[in-house]
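A.B. asks: Take this structure, written in structure tokens, and hold onto it; I'll ask about it next.
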Amino acid sequence: FAEDVAAKVVLITGASSGIGEVRSMHDKCIYIHTALRSNHVAYEYAKRGACLALVARRRHRLQQVAETARYLGSPDVLVIPADVTKVEDCQRFINETVNHFGTLDHLVNNAGIASISMLEEFTHVTNAAPVMETNFWGSVYTTHFAIPYLKRSRGKIIVNASAGAWLPAPRLAVYSASKAAVIIFFETLRVELGGCIAITIVTPGVTESELTKGKFLSKEGRMVLDQEMRDVQVSAVPVQPVQRCAKAIVDSACHGDRYLTVPSWMRVT
Ligand code: NDP
């Protein structure tokens, strides 16, 4: 049966992206253009009445997402600017969430970045390190601090990996390796935890987002796809509609599924 998440407490890392354009909030009408996945997971939980703790580095973007989430039906939204690569931040946002709401029911490990480069093309190979620090270590730190509370609530962990973990694609070696590490980490954690916390591993294909839209490296050091890679992907792979992806993720979490694999990536040859 599907869990009813109304009034449950859901913490989502990487929840700042994808406000798109909120053209109007008058007449109970919101137009959201260029919608992205990350905050759409938040919106999907909001529509189901969940309380939200939203974590990412950009405070103003989190505040925009929070405003929309409240409008969509979330009874309480907490915005916590934080960096998942910093252990002390992870401890702080888990504690702040539990202090505010009294519990934690779902942890969605979603924050992620990508380096898109052939290995020999890195000017400094150490530029690849933040990918592992964010995608792998960020999820490990966050989960470490969340486990005691999730055990108490018999809660759930949802982790956004990638279909890239299954399929070698050029320029994505570091990113894909970070996601493969995420998968085996959470598979092993599932065994360690002996079933007291359900874990859903999500491996989406290409989905329209900041991660797949931007230039190679933004001013803030966020690594995103370059035009060439984007062209290849867009022509070879149908980019997933973000709302459907977000709904599938939250449905899967509510059902306590072990895996959600969105297979469009498999069309890359
Ligand atoms: P976005 O770039 O739109 O979102 C990434 C989110 O992660 C942002 O909210 C960003 O916020 C946050 N983030 C990045 N670094 C940190 C950090 N150090 N600390 C806290 N938050 C951080 O990309 P997507 O929505 O596409 O990505 C979401 C997840 O989905 C990622 O894990 C990605 O790897 C995965 N994925 C994406 C696919 C795609 O095709 N788009 C395919 C398969 C998986 P901020 O910058 O404010 O910190």
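Here, A, B, ... name the chains of the structure tokens in the order displayed, residue numbers run from 1 inside each chain, and ligands are numbered from 1 in the same displayed order.
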Determine which residues of range 67-161 of chain A DSSP labels as helix (DSSP H, G or I) from the backbone of this structure, then write them out as a PyMOL selection string.

C.D. replies: chain A and resi 67-72+87-101+119-121+125-153

A.B. asks: Could you save the residues just selected, with C-alpha atoms, as an mmCIF file, in the first residue's frame?

C.D. replies:
data_model
loop_
_atom_site.group_PDB
_atom_site.id
_atom_site.type_symbol
_atom_site.label_atom_id
_atom_site.label_comp_id
_atom_site.auth_asym_id
_atom_site.auth_seq_id
_atom_site.Cartn_x
_atom_site.Cartn_y
_atom_site.Cartn_z
ATOM 1 C CA GLU A 67 6.778 29.769 -1.274
ATOM 2 C CA THR A 68 5.468 27.565 -4.066
ATOM 3 C CA ALA A 69 5.495 24.465 -1.839
ATOM 4 C CA ARG A 70 3.333 26.246 0.748
ATOM 5 C CA TYR A 71 0.952 27.336 -1.971
ATOM 6 C CA LEU A 72 0.709 23.773 -3.240
ATOM 7 C CA VAL A 87 30.057 17.452 7.637
ATOM 8 C CA GLU A 88 29.148 20.158 10.153
ATOM 9 C CA ASP A 89 26.454 21.510 7.785
ATOM 10 C CA CYS A 90 24.918 18.055 7.421
ATOM 11 C CA GLN A 91 24.756 17.581 11.181
ATOM 12 C CA ARG A 92 23.261 21.058 11.549
ATOM 13 C CA PHE A 93 20.479 20.666 8.985
ATOM 14 C CA ILE A 94 19.420 17.274 10.302
ATOM 15 C CA ASN A 95 19.331 18.647 13.861
ATOM 16 C CA GLU A 96 17.490 21.817 12.805
ATOM 17 C CA THR A 97 14.880 19.719 11.021
ATOM 18 C CA VAL A 98 14.255 17.455 13.993
ATOM 19 C CA ASN A 99 14.280 20.368 16.459
ATOM 20 C CA HIS A 100 11.699 22.180 14.355
ATOM 21 C CA PHE A 101 9.387 19.314 13.407
ATOM 22 C CA LEU A 119 39.633 12.631 -18.189
ATOM 23 C CA GLU A 120 42.688 13.929 -20.047
ATOM 24 C CA GLU A 121 40.935 17.257 -20.666
ATOM 25 C CA VAL A 125 42.373 16.521 -12.377
ATOM 26 C CA THR A 126 41.538 17.533 -8.811
ATOM 27 C CA ASN A 127 38.684 19.590 -10.306
ATOM 28 C CA ALA A 128 36.859 16.273 -10.499
ATOM 29 C CA ALA A 129 36.897 15.799 -6.731
ATOM 30 C CA PRO A 130 33.811 17.929 -5.887
ATOM 31 C CA VAL A 131 31.665 15.499 -7.867
ATOM 32 C CA MET A 132 32.465 12.644 -5.513
ATOM 33 C CA GLU A 133 32.363 14.973 -2.501
ATOM 34 C CA THR A 134 28.858 16.156 -3.372
ATOM 35 C CA ASN A 135 27.230 13.104 -4.892
ATOM 36 C CA PHE A 136 28.779 10.415 -2.708
ATOM 37 C CA TRP A 137 30.151 11.939 0.479
ATOM 38 C CA GLY A 138 27.288 14.435 0.743
ATOM 39 C CA SER A 139 24.802 11.548 0.781
ATOM 40 C CA VAL A 140 26.935 9.556 3.226
ATOM 41 C CA TYR A 141 27.289 12.452 5.706
ATOM 42 C CA THR A 142 23.623 13.372 5.506
ATOM 43 C CA THR A 143 22.457 9.801 5.940
ATOM 44 C CA HIS A 144 24.829 9.209 8.859
ATOM 45 C CA PHE A 145 23.222 11.981 10.893
ATOM 46 C CA ALA A 146 19.683 11.087 9.819
ATOM 47 C CA ILE A 147 19.755 7.365 10.661
ATOM 48 C CA PRO A 148 18.970 7.608 14.410
ATOM 49 C CA TYR A 149 15.864 9.695 13.683
ATOM 50 C CA LEU A 150 14.766 7.545 10.737
ATOM 51 C CA LYS A 151 15.100 4.427 12.911
ATOM 52 C CA ARG A 152 12.846 6.052 15.477
ATOM 53 C CA SER A 153 10.198 7.009 12.898
#

A.B. asks: Counting only C-alpha atoms and all ligand atoms, figure out which residue out of A:Val159, A:Leu62, A:Ala56, A:Val79 gets nearest to ligand 1.

C.D. replies: A:Ala56

A.B. asks: Rank nothing, just name the residue among A:Lys47, A:Arg171, A:Lys179, A:Arg190 nearest to ligand 1, using only C-alpha atoms and all ligand atoms.

C.D. replies: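 Using only C-alpha atoms and all ligand atoms, ligand 1 sits closest to A:Lys179.
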
A.B. asks: Please compute the CA of Leu172 in chain A-atom 19 (N, counted along the ligand's line) of ligand 1 distance, one decimal, in Å.

C.D. replies: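 Answer for the CA of Leu172 in chain A to atom 19 (N, counted along the ligand's line) of ligand 1 separation: 20.1 Å.
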